[in-house]
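What follows is a single structure, written as structure tokens, with notes after it.
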Amino acid sequence: MLNVKPSNFNHIVYFGEVGSQMDEDGIERDTFVPKFSAKFSPKSRSMTQQYSIFGTELQDTILIVIRHNKSVERGLVVKMPNGRAYDIVDISSDEQNIYIAYDIITLKLNDKIEIGD
């Protein structure tokens with residue numbers, strides 16, 4: 001079981017999809033289309049965990065924790081409070097049969113998606 005304080009869920013993240021939009025120059029660009037939001041808590045890795053993923057495809061990823069949500073799935077794009085888009089690399093769901101369950105979501109930056117204001 002993940003031990004997270006409810007007070008740590010003080011940020012909002014948006015989950016959505018990639019859509020195409022024509023900019024003023026007539027060029028079609030990938031843009032973020034939000035579907036739903038959730039409060040999240042950032043999760044840090046221990047030094048041992050960071051060393052173990054060094055040199056792998058998970059090296060430049062970040063972790064966030066949300067309350068368990070069946071709508072969160074791979075293929076969705078995440079808009080973080082820093083205004084940048086991230087792809088979902090992995091979802092580790094809390095499978096215990098308890099009232100409050102959490103999902104740990106591994107995210108990787110996606111610079112190809114434009115995030116509007």
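Starting from 1 in every chain, residues are counted up; chains themselves are A, B, ... following the order of the structure tokens, and ligands are numbered from 1 as listed.
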Exercise. So which residues touch Val18 in chain A within 8 Å, counting only C-alpha atoms, skipping near sequence neighbours fewer than 3 positions away, as a PyMOL selection string?
Worked result: chain A and resi 30-33+77+113
Output N, CA, C and O atoms for every residue in the selection just made, as a PDB file, in the first residue's frame.
ATOM      1  N   ASP A  30      -0.139  19.542 -33.841  1.00  0.00           N
ATOM      2  CA  ASP A  30      -0.742  18.709 -32.809  1.00  0.00           C
ATOM      3  C   ASP A  30      -0.969  19.565 -31.571  1.00  0.00           C
ATOM      4  O   ASP A  30      -0.058  20.245 -31.101  1.00  0.00           O
ATOM      5  N   THR A  31      -2.192  19.529 -31.051  1.00  0.00           N
ATOM      6  CA  THR A  31      -2.523  20.295 -29.857  1.00  0.00           C
ATOM      7  C   THR A  31      -3.174  19.383 -28.821  1.00  0.00           C
ATOM      8  O   THR A  31      -3.677  18.313 -29.132  1.00  0.00           O
ATOM      9  N   PHE A  32      -3.180  19.843 -27.599  1.00  0.00           N
ATOM     10  CA  PHE A  32      -3.752  19.099 -26.483  1.00  0.00           C
ATOM     11  C   PHE A  32      -5.243  19.395 -26.366  1.00  0.00           C
ATOM     12  O   PHE A  32      -5.660  20.547 -26.346  1.00  0.00           O
ATOM     13  N   VAL A  33      -6.049  18.327 -26.280  1.00  0.00           N
ATOM     14  CA  VAL A  33      -7.493  18.450 -26.095  1.00  0.00           C
ATOM     15  C   VAL A  33      -7.835  17.788 -24.761  1.00  0.00           C
ATOM     16  O   VAL A  33      -7.813  16.557 -24.649  1.00  0.00           O
ATOM     17  N   VAL A  77      -2.589  11.853 -23.098  1.00  0.00           N
ATOM     18  CA  VAL A  77      -1.539  12.857 -22.914  1.00  0.00           C
ATOM     19  C   VAL A  77      -1.853  13.608 -21.637  1.00  0.00           C
ATOM     20  O   VAL A  77      -3.018  13.810 -21.295  1.00  0.00           O
ATOM     21  N   ILE A 113       3.873  18.319 -28.888  1.00  0.00           N
ATOM     22  CA  ILE A 113       2.488  18.743 -28.689  1.00  0.00           C
ATOM     23  C   ILE A 113       2.448  20.161 -28.179  1.00  0.00           C
ATOM     24  O   ILE A 113       3.102  20.508 -27.205  1.00  0.00           O
TER      25      ILE A 113
END
Problem set entry | Residue contacts of Glu114 in chain A (12 Å, only C-alpha atoms) excluding same-chain residues fewer than 5 positions away, as a PyMOL selection string | chain A and resi 17-23+28-33+77-79+83-86
For this session: Might you pull out every residue within 8 Å of range 61-75 of chain A, with only C-alpha atoms counted and same-chain residues fewer than 6 positions away left off, and present them as a PyMOL selection string?
Result: chain A and resi 9+15+17+38-44+87-91+93-94+100-109
For this session: Apply DSSP to the structure's backbone, then extract all residues of chain A labelled alpha helix (DSSP H) and return them as JSON, numbers by chain.
Result: {"A": [47, 48, 49, 50, 51, 52, 53]}
For this session: Calculate how many Å separate CA of Pro6 in chain A from CA of Met80 in chain A, rounding to one decimal.
Result: 19.1 Å
